[in-house]
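Structure record follows, encoded as structure tokens.
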Amino acid sequence: RASMKKELPERFRNHRHVWVVVELERGEVHPVSWELLGEGRKLADRLGVDLAGVVMGPPTEATRRAAGEAFCYGADLVYLAEHPVLAQYRTEAYARALTDICESYKPEILLLGATTLGRDLAGAVATTLLTGLTADCTELAVDQDGSLAATRPTFGGSLLCTIYTLNFRPQMATVRPRVFALPPRVETPVGRIVLHTVQFAEEDIVTKVLDFVPDALTAKSQLAYADVVVAGGLGLQQQENFQLVKQLAATLGAEYGGSRPLVQKGWIPADRQIGQTGKTIRPRVYIAAGISGAIQHRVGVEGADLIVAINTDPNAPIYDFAHVGIVADAVQILPALTRAFTRR
Ligand code: FAD
């Protein structure tokens, strides 16, 4: 790798700075953008370069507000592209705008949220810029020689691999919501905005948005960002017992979720799955009832402040990372907890 690094083409030498795409959709910024700015700050400091946010959207108050907010989460500068064509997310329009900004200002590292929008946009931009993209990273670091070391699970989550983009720029990565903590918000930020004009017209874009229909996405994001989550696994034995999870969650004002086999059995919808191929959560309290704690589940929950496990097997893997363990039958403990919290 060291020898390949030396052969970095001359045209990549002027690639600098760490960039984060601020995901703005329908006037709302996805919080993963702020989480990535927090992590991007560490990478930028390590490299001794600036941290930039990229804001793309229609010329509205919400777009300008998003640009201003980026400074509150650590950006030194914001590249702002405003155009009526960017009113709704469409791959062609956004990929063209982001590619154009990258070609003009040349980032060293480009980070996006591994959301529906971010995954789509990252792939389109990486193929146009002919660079490497590491998807769904769980860890980002800067190596001794300044390369981005992007770590992600592989082989069904049984191994972690660290991937380098050697002789291509920018080095691109996506990260799922909640993998990184939200950085503290600065109340009096400073920074500068670089206005970038994208030259395109509505006629250039063949995709037309006819209607917008909100779906269970709302439930997904509530689960990912919930303060308290109660989840069930196969230890609940039968589908009816999942009601006990829902009842405790309702009593605590919590969101509910479950392990992957429950989705496969049709006990819960796919957007309630927690883990490597489901949601990553970072609640203050996570209660796992009848869940073994397999690695693919663990990676989605280990950011929780307090993990409470209810499992009949004292040797279950979940007890390796739970903070509180109740070695007992979840079918009895869940209603007891619901009664106890109802009394309060
Ligand atoms: P089990 O492993 O069967 O565990 C049930 C637990 O309940 C046991 O520990 C048992 O001791 C306990 N138990 C039994 N009876 C009781 C009782 N009465 N009261 C209390 N406890 C009891 N899994 C996920 O969850 N999320 C993912 O995103 C995910 N992604 C995956 C991706 C890949 C590529 C692969 C290969 C697997 C993935 N899995 C995922 C599946 C994962 O490997 C495990 O199979 C799964 O998490 C196990 O679910 P479970 O804990 O509900 O069931």
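Here, A, B, ... name the chains of the structure tokens in the order displayed, residue numbers run from 1 inside each chain, and ligands are numbered from 1 in the same displayed order.
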
Near A:Gly191, within 12 Å and counting only C-alpha atoms, which residues show up once chain neighbours fewer than 3 positions away are dropped, as a VMD selection string?
chain A and resid 50 to 53 67 to 79 186 188 194

For the residues selected in the previous step, produce a file with N, CA and C atoms as a PDB file, in the first residue's frame.
```pdb
ATOM      1  N   ASP A  50      -9.587  21.745   6.541  1.00  0.00           N
ATOM      2  CA  ASP A  50     -10.908  22.260   6.909  1.00  0.00           C
ATOM      3  C   ASP A  50     -11.971  21.173   6.805  1.00  0.00           C
ATOM      4  N   LEU A  51     -13.055  21.409   7.544  1.00  0.00           N
ATOM      5  CA  LEU A  51     -14.230  20.548   7.442  1.00  0.00           C
ATOM      6  C   LEU A  51     -15.309  21.348   6.724  1.00  0.00           C
ATOM      7  N   ALA A  52     -15.836  20.773   5.646  1.00  0.00           N
ATOM      8  CA  ALA A  52     -16.854  21.491   4.868  1.00  0.00           C
ATOM      9  C   ALA A  52     -18.161  20.712   4.841  1.00  0.00           C
ATOM     10  N   GLY A  53     -19.277  21.440   4.893  1.00  0.00           N
ATOM     11  CA  GLY A  53     -20.585  20.838   4.658  1.00  0.00           C
ATOM     12  C   GLY A  53     -21.002  21.168   3.237  1.00  0.00           C
ATOM     13  N   ALA A  67     -27.631  25.469   5.849  1.00  0.00           N
ATOM     14  CA  ALA A  67     -26.233  25.888   5.676  1.00  0.00           C
ATOM     15  C   ALA A  67     -25.717  26.516   6.971  1.00  0.00           C
ATOM     16  N   GLY A  68     -26.534  27.359   7.602  1.00  0.00           N
ATOM     17  CA  GLY A  68     -26.138  28.015   8.853  1.00  0.00           C
ATOM     18  C   GLY A  68     -25.958  27.011   9.976  1.00  0.00           C
ATOM     19  N   GLU A  69     -26.852  26.011  10.017  1.00  0.00           N
ATOM     20  CA  GLU A  69     -26.787  24.996  11.073  1.00  0.00           C
ATOM     21  C   GLU A  69     -25.501  24.173  10.991  1.00  0.00           C
ATOM     22  N   ALA A  70     -25.005  23.971   9.761  1.00  0.00           N
ATOM     23  CA  ALA A  70     -23.795  23.150   9.579  1.00  0.00           C
ATOM     24  C   ALA A  70     -22.631  23.726  10.383  1.00  0.00           C
ATOM     25  N   PHE A  71     -22.598  25.056  10.511  1.00  0.00           N
ATOM     26  CA  PHE A  71     -21.515  25.684  11.294  1.00  0.00           C
ATOM     27  C   PHE A  71     -21.664  25.345  12.775  1.00  0.00           C
ATOM     28  N   CYS A  72     -22.920  25.192  13.216  1.00  0.00           N
ATOM     29  CA  CYS A  72     -23.154  24.867  14.641  1.00  0.00           C
ATOM     30  C   CYS A  72     -22.618  23.477  14.971  1.00  0.00           C
ATOM     31  N   TYR A  73     -22.466  22.617  13.965  1.00  0.00           N
ATOM     32  CA  TYR A  73     -21.985  21.254  14.222  1.00  0.00           C
ATOM     33  C   TYR A  73     -20.544  21.057  13.740  1.00  0.00           C
ATOM     34  N   GLY A  74     -19.819  22.162  13.552  1.00  0.00           N
ATOM     35  CA  GLY A  74     -18.381  22.039  13.360  1.00  0.00           C
ATOM     36  C   GLY A  74     -17.836  22.358  11.984  1.00  0.00           C
ATOM     37  N   ALA A  75     -18.695  22.675  10.999  1.00  0.00           N
ATOM     38  CA  ALA A  75     -18.162  22.965   9.661  1.00  0.00           C
ATOM     39  C   ALA A  75     -17.423  24.296   9.666  1.00  0.00           C
ATOM     40  N   ASP A  76     -16.281  24.346   8.949  1.00  0.00           N
ATOM     41  CA  ASP A  76     -15.552  25.610   8.782  1.00  0.00           C
ATOM     42  C   ASP A  76     -16.106  26.386   7.609  1.00  0.00           C
ATOM     43  N   LEU A  77     -16.574  25.643   6.608  1.00  0.00           N
ATOM     44  CA  LEU A  77     -17.166  26.291   5.439  1.00  0.00           C
ATOM     45  C   LEU A  77     -18.279  25.411   4.890  1.00  0.00           C
ATOM     46  N   VAL A  78     -19.146  26.041   4.112  1.00  0.00           N
ATOM     47  CA  VAL A  78     -20.251  25.311   3.496  1.00  0.00           C
ATOM     48  C   VAL A  78     -20.272  25.633   2.008  1.00  0.00           C
ATOM     49  N   TYR A  79     -20.295  24.599   1.191  1.00  0.00           N
ATOM     50  CA  TYR A  79     -20.534  24.787  -0.238  1.00  0.00           C
ATOM     51  C   TYR A  79     -22.036  24.728  -0.434  1.00  0.00           C
ATOM     52  N   VAL A 186     -22.756  24.145  18.803  1.00  0.00           N
ATOM     53  CA  VAL A 186     -22.139  25.426  19.157  1.00  0.00           C
ATOM     54  C   VAL A 186     -23.166  26.520  18.894  1.00  0.00           C
ATOM     55  N   THR A 188     -22.703  29.964  18.929  1.00  0.00           N
ATOM     56  CA  THR A 188     -22.253  31.136  18.154  1.00  0.00           C
ATOM     57  C   THR A 188     -21.167  30.708  17.169  1.00  0.00           C
ATOM     58  N   VAL A 194     -19.557  29.221   0.548  1.00  0.00           N
ATOM     59  CA  VAL A 194     -19.111  29.334  -0.843  1.00  0.00           C
ATOM     60  C   VAL A 194     -20.318  29.008  -1.711  1.00  0.00           C
TER      61      VAL A 194
END
```

Let's see if you can do this: from backbone DSSP, list all strand (DSSP E or B) residues in stretch 49-271 of chain A, as a short mmCIF file (atom, residue, chain, number, x, y, z; two decimals) with all heavy atoms, in the first residue's frame.
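Result file is selection.cif:
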```
data_model
loop_
_atom_site.label_atom_id
_atom_site.label_comp_id
_atom_site.auth_asym_id
_atom_site.auth_seq_id
_atom_site.Cartn_x
_atom_site.Cartn_y
_atom_site.Cartn_z
N LEU A 51 -13.06 21.41 7.54
CA LEU A 51 -14.23 20.55 7.44
C LEU A 51 -15.31 21.35 6.72
O LEU A 51 -15.64 22.46 7.13
CB LEU A 51 -14.72 20.16 8.85
CG LEU A 51 -16.04 19.40 8.91
CD1 LEU A 51 -15.91 18.02 8.25
CD2 LEU A 51 -16.52 19.25 10.35
N ALA A 52 -15.84 20.77 5.65
CA ALA A 52 -16.85 21.49 4.87
C ALA A 52 -18.16 20.71 4.84
O ALA A 52 -18.16 19.48 4.78
CB ALA A 52 -16.36 21.71 3.44
N GLY A 53 -19.28 21.44 4.89
CA GLY A 53 -20.59 20.84 4.66
C GLY A 53 -21.00 21.17 3.24
O GLY A 53 -20.64 22.23 2.72
N VAL A 54 -21.73 20.25 2.59
CA VAL A 54 -22.25 20.54 1.26
C VAL A 54 -23.77 20.57 1.37
O VAL A 54 -24.38 19.58 1.78
CB VAL A 54 -21.85 19.45 0.23
CG1 VAL A 54 -22.36 19.82 -1.16
CG2 VAL A 54 -20.35 19.25 0.23
N VAL A 55 -24.35 21.72 1.08
CA VAL A 55 -25.81 21.85 1.17
C VAL A 55 -26.35 22.09 -0.23
O VAL A 55 -25.93 23.02 -0.93
CB VAL A 55 -26.20 23.01 2.12
CG1 VAL A 55 -27.71 23.19 2.15
CG2 VAL A 55 -25.66 22.76 3.52
N MET A 56 -27.27 21.23 -0.65
CA MET A 56 -27.90 21.38 -1.96
C MET A 56 -29.40 21.42 -1.75
O MET A 56 -29.95 20.62 -0.98
CB MET A 56 -27.55 20.20 -2.87
CG MET A 56 -26.07 20.10 -3.17
SD MET A 56 -25.64 18.54 -3.98
CE MET A 56 -25.72 17.40 -2.62
N GLY A 57 -30.08 22.33 -2.43
CA GLY A 57 -31.52 22.41 -2.27
C GLY A 57 -32.09 23.56 -3.08
O GLY A 57 -31.35 24.28 -3.77
N LEU A 77 -16.57 25.64 6.61
CA LEU A 77 -17.17 26.29 5.44
C LEU A 77 -18.28 25.41 4.89
O LEU A 77 -18.34 24.21 5.20
CB LEU A 77 -16.13 26.61 4.36
CG LEU A 77 -15.55 25.48 3.54
CD1 LEU A 77 -15.13 25.99 2.18
CD2 LEU A 77 -14.35 24.89 4.25
N VAL A 78 -19.15 26.04 4.11
CA VAL A 78 -20.25 25.31 3.50
C VAL A 78 -20.27 25.63 2.01
O VAL A 78 -20.21 26.81 1.63
CB VAL A 78 -21.61 25.72 4.14
CG1 VAL A 78 -22.78 25.24 3.30
CG2 VAL A 78 -21.73 25.17 5.56
N TYR A 79 -20.29 24.60 1.19
CA TYR A 79 -20.53 24.79 -0.24
C TYR A 79 -22.04 24.73 -0.43
O TYR A 79 -22.66 23.71 -0.10
CB TYR A 79 -19.85 23.69 -1.06
CG TYR A 79 -18.35 23.74 -0.95
CD1 TYR A 79 -17.65 22.80 -0.19
CD2 TYR A 79 -17.62 24.74 -1.58
CE1 TYR A 79 -16.26 22.86 -0.08
CE2 TYR A 79 -16.23 24.82 -1.47
CZ TYR A 79 -15.58 23.87 -0.72
OH TYR A 79 -14.21 23.94 -0.60
N LEU A 80 -22.60 25.81 -0.94
CA LEU A 80 -24.06 25.89 -1.04
C LEU A 80 -24.47 25.98 -2.51
O LEU A 80 -24.05 26.89 -3.22
CB LEU A 80 -24.54 27.13 -0.27
CG LEU A 80 -26.03 27.45 -0.33
CD1 LEU A 80 -26.87 26.33 0.24
CD2 LEU A 80 -26.31 28.76 0.43
N ALA A 81 -25.26 24.99 -2.94
CA ALA A 81 -25.79 25.01 -4.31
C ALA A 81 -27.30 25.11 -4.23
O ALA A 81 -27.95 24.21 -3.70
CB ALA A 81 -25.39 23.75 -5.06
N GLU A 82 -27.84 26.23 -4.70
CA GLU A 82 -29.30 26.42 -4.68
C GLU A 82 -29.80 26.48 -6.11
O GLU A 82 -29.24 27.18 -6.95
CB GLU A 82 -29.63 27.75 -4.00
CG GLU A 82 -29.27 27.79 -2.52
CD GLU A 82 -29.50 29.18 -1.94
OE1 GLU A 82 -28.99 30.15 -2.54
OE2 GLU A 82 -30.19 29.29 -0.94
N PRO A 107 -12.58 17.59 -2.93
CA PRO A 107 -12.43 17.07 -1.56
C PRO A 107 -11.46 15.89 -1.50
O PRO A 107 -11.33 15.14 -2.46
CB PRO A 107 -13.85 16.59 -1.22
CG PRO A 107 -14.45 16.26 -2.54
CD PRO A 107 -13.85 17.20 -3.55
N GLU A 108 -10.82 15.75 -0.35
CA GLU A 108 -9.97 14.57 -0.10
C GLU A 108 -10.84 13.41 0.38
O GLU A 108 -10.66 12.26 -0.01
CB GLU A 108 -8.93 14.95 0.98
CG GLU A 108 -8.12 13.82 1.53
CD GLU A 108 -7.05 13.32 0.59
OE1 GLU A 108 -6.76 13.97 -0.45
OE2 GLU A 108 -6.49 12.26 0.87
N ILE A 109 -11.80 13.76 1.26
CA ILE A 109 -12.71 12.76 1.83
C ILE A 109 -14.14 13.29 1.68
O ILE A 109 -14.39 14.47 1.95
CB ILE A 109 -12.39 12.52 3.33
CG1 ILE A 109 -11.01 11.86 3.48
CG2 ILE A 109 -13.47 11.68 4.01
CD1 ILE A 109 -10.51 11.74 4.91
N LEU A 110 -15.06 12.42 1.26
CA LEU A 110 -16.46 12.84 1.08
C LEU A 110 -17.35 11.83 1.80
O LEU A 110 -17.36 10.64 1.48
CB LEU A 110 -16.79 12.87 -0.42
CG LEU A 110 -18.23 13.20 -0.81
CD1 LEU A 110 -18.65 14.58 -0.31
CD2 LEU A 110 -18.39 13.15 -2.34
N LEU A 111 -18.10 12.31 2.81
CA LEU A 111 -18.94 11.43 3.63
C LEU A 111 -20.41 11.72 3.42
O LEU A 111 -20.82 12.87 3.33
CB LEU A 111 -18.60 11.62 5.12
CG LEU A 111 -17.13 11.51 5.52
CD1 LEU A 111 -16.96 11.83 7.00
CD2 LEU A 111 -16.60 10.11 5.22
N LEU A 112 -21.20 10.65 3.38
CA LEU A 112 -22.66 10.79 3.28
C LEU A 112 -23.31 9.82 4.26
O LEU A 112 -22.73 8.79 4.62
CB LEU A 112 -23.17 10.44 1.87
CG LEU A 112 -22.70 11.31 0.69
CD1 LEU A 112 -21.48 10.69 0.04
CD2 LEU A 112 -23.82 11.44 -0.33
N GLY A 113 -24.54 10.12 4.66
CA GLY A 113 -25.31 9.21 5.50
C GLY A 113 -25.73 8.00 4.68
O GLY A 113 -26.06 8.14 3.50
N LEU A 133 -15.90 3.76 -3.11
CA LEU A 133 -16.90 4.11 -2.10
C LEU A 133 -17.02 2.94 -1.12
O LEU A 133 -17.24 1.81 -1.54
CB LEU A 133 -18.25 4.35 -2.80
CG LEU A 133 -19.50 4.34 -1.93
CD1 LEU A 133 -19.49 5.48 -0.93
CD2 LEU A 133 -20.75 4.43 -2.81
N THR A 134 -16.84 3.21 0.17
CA THR A 134 -17.02 2.17 1.18
C THR A 134 -18.35 2.43 1.87
O THR A 134 -18.53 3.49 2.49
CB THR A 134 -15.86 2.19 2.20
OG1 THR A 134 -14.63 2.20 1.46
CG2 THR A 134 -15.91 0.96 3.08
N ALA A 135 -19.27 1.48 1.74
CA ALA A 135 -20.64 1.71 2.21
C ALA A 135 -20.84 1.17 3.62
O ALA A 135 -20.19 0.21 4.03
CB ALA A 135 -21.62 1.05 1.26
N ASP A 136 -21.75 1.82 4.37
CA ASP A 136 -22.20 1.33 5.68
C ASP A 136 -21.05 1.15 6.67
O ASP A 136 -20.95 0.11 7.33
CB ASP A 136 -22.93 -0.01 5.52
CG ASP A 136 -24.34 0.20 5.02
OD1 ASP A 136 -24.71 1.35 4.76
OD2 ASP A 136 -25.08 -0.79 4.92
N CYS A 137 -20.19 2.15 6.78
CA CYS A 137 -19.03 2.04 7.68
C CYS A 137 -19.47 2.14 9.14
O CYS A 137 -20.45 2.81 9.47
CB CYS A 137 -18.04 3.16 7.39
SG CYS A 137 -17.42 3.05 5.72
N GLU A 139 -16.80 2.60 11.44
CA GLU A 139 -15.68 3.32 12.04
C GLU A 139 -14.91 4.03 10.94
O GLU A 139 -14.71 3.46 9.85
CB GLU A 139 -14.76 2.28 12.70
CG GLU A 139 -13.98 2.82 13.86
CD GLU A 139 -13.10 1.72 14.45
OE1 GLU A 139 -13.60 0.60 14.64
OE2 GLU A 139 -11.91 2.00 14.69
N LEU A 140 -14.46 5.26 11.21
CA LEU A 140 -13.64 6.00 10.25
C LEU A 140 -12.41 6.51 10.98
O LEU A 140 -12.52 6.98 12.12
CB LEU A 140 -14.42 7.21 9.68
CG LEU A 140 -15.71 6.91 8.91
CD1 LEU A 140 -16.42 8.22 8.57
CD2 LEU A 140 -15.43 6.12 7.64
N ALA A 141 -11.26 6.42 10.32
CA ALA A 141 -10.04 6.92 10.95
C ALA A 141 -9.10 7.40 9.86
O ALA A 141 -9.29 7.07 8.68
CB ALA A 141 -9.37 5.81 11.76
N VAL A 142 -8.10 8.16 10.27
CA VAL A 142 -7.07 8.59 9.31
C VAL A 142 -5.81 7.82 9.65
O VAL A 142 -5.35 7.82 10.80
CB VAL A 142 -6.83 10.11 9.38
CG1 VAL A 142 -5.62 10.49 8.56
CG2 VAL A 142 -8.06 10.86 8.88
N LEU A 148 -7.80 7.57 4.34
CA LEU A 148 -9.00 7.26 5.12
C LEU A 148 -9.08 5.75 5.32
O LEU A 148 -9.04 4.98 4.34
CB LEU A 148 -10.26 7.75 4.38
CG LEU A 148 -11.58 7.41 5.07
CD1 LEU A 148 -11.76 8.21 6.35
CD2 LEU A 148 -12.77 7.64 4.13
N ALA A 149 -9.16 5.32 6.57
CA ALA A 149 -9.34 3.90 6.88
C ALA A 149 -10.81 3.72 7.23
O ALA A 149 -11.26 4.16 8.29
CB ALA A 149 -8.44 3.51 8.05
N ALA A 150 -11.57 3.12 6.32
CA ALA A 150 -13.02 2.99 6.50
C ALA A 150 -13.33 1.54 6.86
O ALA A 150 -13.09 0.63 6.08
CB ALA A 150 -13.73 3.40 5.21
N THR A 151 -13.88 1.34 8.07
CA THR A 151 -14.11 -0.02 8.55
C THR A 151 -15.59 -0.35 8.48
O THR A 151 -16.43 0.48 8.82
CB THR A 151 -13.61 -0.14 10.00
OG1 THR A 151 -12.22 0.18 10.00
CG2 THR A 151 -13.80 -1.55 10.55
N ARG A 152 -15.89 -1.56 8.03
CA ARG A 152 -17.28 -2.02 7.92
C ARG A 152 -17.36 -3.53 8.14
O ARG A 152 -16.38 -4.25 7.91
CB ARG A 152 -17.86 -1.65 6.56
CG ARG A 152 -17.05 -2.15 5.38
CD ARG A 152 -17.93 -2.32 4.17
NE ARG A 152 -18.97 -3.27 4.50
CZ ARG A 152 -20.13 -3.38 3.88
NH1 ARG A 152 -20.41 -2.63 2.88
NH2 ARG A 152 -21.01 -4.28 4.23
N PRO A 153 -18.53 -4.02 8.58
CA PRO A 153 -18.67 -5.47 8.76
C PRO A 153 -18.69 -6.17 7.40
O PRO A 153 -19.14 -5.61 6.41
CB PRO A 153 -20.03 -5.63 9.45
CG PRO A 153 -20.51 -4.27 9.78
CD PRO A 153 -19.78 -3.30 8.93
N THR A 154 -18.19 -7.40 7.40
CA THR A 154 -18.26 -8.20 6.17
C THR A 154 -18.53 -9.66 6.54
O THR A 154 -18.56 -9.99 7.72
CB THR A 154 -16.95 -8.03 5.36
OG1 THR A 154 -17.11 -8.66 4.09
CG2 THR A 154 -15.76 -8.64 6.07
N LEU A 159 -16.84 -10.66 10.42
CA LEU A 159 -15.52 -10.02 10.35
C LEU A 159 -15.69 -8.53 10.12
O LEU A 159 -16.69 -8.10 9.55
CB LEU A 159 -14.73 -10.58 9.16
CG LEU A 159 -14.19 -11.98 9.21
CD1 LEU A 159 -13.50 -12.30 7.88
CD2 LEU A 159 -13.19 -12.13 10.35
N LEU A 160 -14.70 -7.76 10.57
CA LEU A 160 -14.68 -6.34 10.23
C LEU A 160 -13.53 -6.13 9.26
O LEU A 160 -12.44 -6.66 9.48
CB LEU A 160 -14.43 -5.50 11.49
CG LEU A 160 -15.59 -5.41 12.48
CD1 LEU A 160 -15.14 -4.68 13.74
CD2 LEU A 160 -16.79 -4.70 11.87
N CYS A 161 -13.76 -5.40 8.17
CA CYS A 161 -12.64 -5.15 7.26
C CYS A 161 -12.43 -3.65 7.14
O CYS A 161 -13.37 -2.87 7.23
CB CYS A 161 -12.88 -5.78 5.90
SG CYS A 161 -14.28 -5.13 5.05
N THR A 162 -11.17 -3.27 6.97
CA THR A 162 -10.83 -1.85 6.79
C THR A 162 -10.43 -1.65 5.33
O THR A 162 -9.56 -2.36 4.82
CB THR A 162 -9.70 -1.44 7.75
OG1 THR A 162 -10.18 -1.65 9.08
CG2 THR A 162 -9.34 0.01 7.59
N ILE A 163 -11.12 -0.71 4.70
CA ILE A 163 -10.97 -0.53 3.25
C ILE A 163 -10.32 0.83 2.96
O ILE A 163 -10.69 1.83 3.57
CB ILE A 163 -12.35 -0.64 2.56
CG1 ILE A 163 -12.91 -2.05 2.79
CG2 ILE A 163 -12.26 -0.33 1.07
CD1 ILE A 163 -14.32 -2.26 2.28
N GLN A 171 -11.96 10.10 -1.41
CA GLN A 171 -12.19 8.84 -0.71
C GLN A 171 -13.61 8.95 -0.14
O GLN A 171 -13.87 9.80 0.70
CB GLN A 171 -11.17 8.68 0.42
CG GLN A 171 -9.72 8.74 -0.09
CD GLN A 171 -8.74 8.89 1.05
OE1 GLN A 171 -8.27 7.92 1.62
NE2 GLN A 171 -8.42 10.13 1.38
N MET A 172 -14.50 8.09 -0.60
CA MET A 172 -15.92 8.24 -0.22
C MET A 172 -16.37 7.14 0.75
O MET A 172 -15.94 6.00 0.64
CB MET A 172 -16.81 8.19 -1.47
CG MET A 172 -16.69 9.43 -2.34
SD MET A 172 -17.80 9.35 -3.77
CE MET A 172 -19.41 9.40 -2.99
N ALA A 173 -17.24 7.52 1.66
CA ALA A 173 -17.80 6.53 2.59
C ALA A 173 -19.21 6.95 2.99
O ALA A 173 -19.52 8.14 3.04
CB ALA A 173 -16.92 6.41 3.83
N THR A 174 -20.06 5.95 3.26
CA THR A 174 -21.37 6.23 3.86
C THR A 174 -21.40 5.59 5.24
O THR A 174 -20.74 4.57 5.49
CB THR A 174 -22.54 5.68 3.02
OG1 THR A 174 -22.44 4.26 2.95
CG2 THR A 174 -22.57 6.27 1.62
N VAL A 175 -22.17 6.21 6.14
CA VAL A 175 -22.28 5.73 7.52
C VAL A 175 -23.76 5.79 7.92
O VAL A 175 -24.43 6.79 7.65
CB VAL A 175 -21.46 6.62 8.49
CG1 VAL A 175 -21.59 6.12 9.92
CG2 VAL A 175 -20.00 6.67 8.08
N ARG A 192 -17.66 30.23 6.66
CA ARG A 192 -17.98 31.00 5.44
C ARG A 192 -18.72 30.11 4.45
O ARG A 192 -18.52 28.88 4.42
CB ARG A 192 -16.73 31.62 4.85
CG ARG A 192 -15.83 30.68 4.13
CD ARG A 192 -14.47 31.30 3.85
NE ARG A 192 -13.50 30.23 3.69
CZ ARG A 192 -13.23 29.69 2.51
NH1 ARG A 192 -13.79 30.12 1.43
NH2 ARG A 192 -12.35 28.68 2.44
N ILE A 193 -19.58 30.77 3.68
CA ILE A 193 -20.37 30.05 2.68
C ILE A 193 -19.78 30.29 1.30
O ILE A 193 -19.49 31.43 0.93
CB ILE A 193 -21.85 30.50 2.73
CG1 ILE A 193 -22.48 30.03 4.05
CG2 ILE A 193 -22.63 29.98 1.53
CD1 ILE A 193 -23.96 30.26 4.17
N VAL A 194 -19.56 29.22 0.55
CA VAL A 194 -19.11 29.33 -0.84
C VAL A 194 -20.32 29.01 -1.71
O VAL A 194 -20.82 27.88 -1.69
CB VAL A 194 -17.96 28.34 -1.14
CG1 VAL A 194 -17.54 28.43 -2.60
CG2 VAL A 194 -16.78 28.59 -0.20
N LEU A 195 -20.82 30.02 -2.41
CA LEU A 195 -21.99 29.79 -3.27
C LEU A 195 -21.53 29.15 -4.57
O LEU A 195 -20.61 29.64 -5.22
CB LEU A 195 -22.69 31.12 -3.58
CG LEU A 195 -23.52 31.71 -2.45
CD1 LEU A 195 -24.01 33.10 -2.84
CD2 LEU A 195 -24.70 30.81 -2.12
N VAL A 228 -35.81 5.59 24.43
CA VAL A 228 -35.98 4.30 25.10
C VAL A 228 -36.52 3.31 24.06
O VAL A 228 -37.45 3.64 23.31
CB VAL A 228 -36.96 4.41 26.29
CG1 VAL A 228 -37.09 3.07 27.01
CG2 VAL A 228 -36.52 5.49 27.27
N VAL A 229 -35.92 2.12 23.99
CA VAL A 229 -36.38 1.10 23.04
C VAL A 229 -36.56 -0.23 23.79
O VAL A 229 -35.68 -0.63 24.56
CB VAL A 229 -35.37 0.91 21.88
CG1 VAL A 229 -35.79 -0.25 20.98
CG2 VAL A 229 -35.23 2.19 21.06
N VAL A 230 -37.70 -0.88 23.55
CA VAL A 230 -37.93 -2.23 24.09
C VAL A 230 -37.98 -3.17 22.89
O VAL A 230 -38.69 -2.89 21.92
CB VAL A 230 -39.26 -2.31 24.88
CG1 VAL A 230 -39.41 -3.69 25.53
CG2 VAL A 230 -39.36 -1.22 25.93
N ALA A 231 -37.23 -4.27 22.95
CA ALA A 231 -37.20 -5.18 21.80
C ALA A 231 -37.37 -6.63 22.26
O ALA A 231 -37.04 -6.98 23.41
CB ALA A 231 -35.89 -5.03 21.03
N GLY A 232 -37.90 -7.44 21.36
CA GLY A 232 -38.09 -8.85 21.66
C GLY A 232 -37.38 -9.73 20.65
O GLY A 232 -37.07 -9.30 19.53
N GLU A 255 -40.14 3.28 21.88
CA GLU A 255 -40.36 2.61 20.58
C GLU A 255 -40.10 1.12 20.78
O GLU A 255 -39.37 0.73 21.70
CB GLU A 255 -39.38 3.15 19.54
CG GLU A 255 -39.73 4.53 19.02
CD GLU A 255 -40.98 4.55 18.17
OE1 GLU A 255 -41.28 3.55 17.48
OE2 GLU A 255 -41.68 5.58 18.22
N TYR A 256 -40.69 0.29 19.93
CA TYR A 256 -40.42 -1.14 20.03
C TYR A 256 -39.73 -1.65 18.77
O TYR A 256 -39.85 -1.05 17.70
CB TYR A 256 -41.71 -1.93 20.31
CG TYR A 256 -42.63 -2.04 19.11
CD1 TYR A 256 -42.48 -3.06 18.18
CD2 TYR A 256 -43.64 -1.11 18.90
CE1 TYR A 256 -43.30 -3.16 17.07
CE2 TYR A 256 -44.47 -1.20 17.79
CZ TYR A 256 -44.30 -2.22 16.88
OH TYR A 256 -45.10 -2.31 15.77
N GLY A 257 -39.00 -2.75 18.92
CA GLY A 257 -38.32 -3.36 17.78
C GLY A 257 -38.06 -4.82 18.09
O GLY A 257 -38.56 -5.35 19.09
N GLY A 258 -37.27 -5.46 17.24
CA GLY A 258 -37.00 -6.88 17.47
C GLY A 258 -35.81 -7.37 16.69
O GLY A 258 -35.20 -6.63 15.91
#
```

From the set A:Phe242, A:Val327, A:Asp145, A:His83, which residue has the shortest atom-to-atom contact distance to A:Pro314, counting only C-alpha atoms?
A:Val327

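What separates atom CA of A:Glu202 from atom CA of A:Gly123 is a distance of 22.4 Å.
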
Separation of atom CA of A:Gln144 from atom CA of A:Leu121, in Å and rounded to one decimal:
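One can read the atom CA of A:Gln144 to atom CA of A:Leu121 distance as 29.5 Å.
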
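For the choices A:Val85, A:Ala66, A:Leu248, A:Leu306, the atom-to-atom distance to A:Ala336 is smallest for A:Leu248 when using only C-alpha atoms.
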
Can you work out which one of A:Val29, A:Leu334, A:Leu210, A:Ala126 has the shortest atom-to-atom distance to A:Arg64, counting only C-alpha atoms?
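The shortest atom-to-atom distance to A:Arg64 comes from A:Val29.
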
Near-A:Leu130 list (9 Å; only C-alpha atoms; drop same-chain fewer than 4 positions) as a PDB file with N, CA and C atoms, in the first residue's frame:
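Wrote it out as around_7.pdb, contents follow:
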```
ATOM      1  N   VAL A 125     -22.538   9.326  -7.586  1.00  0.00           N
ATOM      2  CA  VAL A 125     -21.407  10.261  -7.673  1.00  0.00           C
ATOM      3  C   VAL A 125     -20.080   9.502  -7.783  1.00  0.00           C
ATOM      4  N   ALA A 126     -19.952   8.409  -7.018  1.00  0.00           N
ATOM      5  CA  ALA A 126     -18.699   7.637  -7.069  1.00  0.00           C
ATOM      6  C   ALA A 126     -18.467   7.080  -8.474  1.00  0.00           C
ATOM      7  N   PHE A 168      -7.391   6.906  -5.895  1.00  0.00           N
ATOM      8  CA  PHE A 168      -8.542   7.617  -6.445  1.00  0.00           C
ATOM      9  C   PHE A 168      -8.985   8.661  -5.441  1.00  0.00           C
ATOM     10  N   ARG A 169      -9.537   9.730  -5.915  1.00  0.00           N
ATOM     11  CA  ARG A 169     -10.060  10.769  -5.038  1.00  0.00           C
ATOM     12  C   ARG A 169     -11.390  11.274  -5.587  1.00  0.00           C
TER      13      ARG A 169
END
```
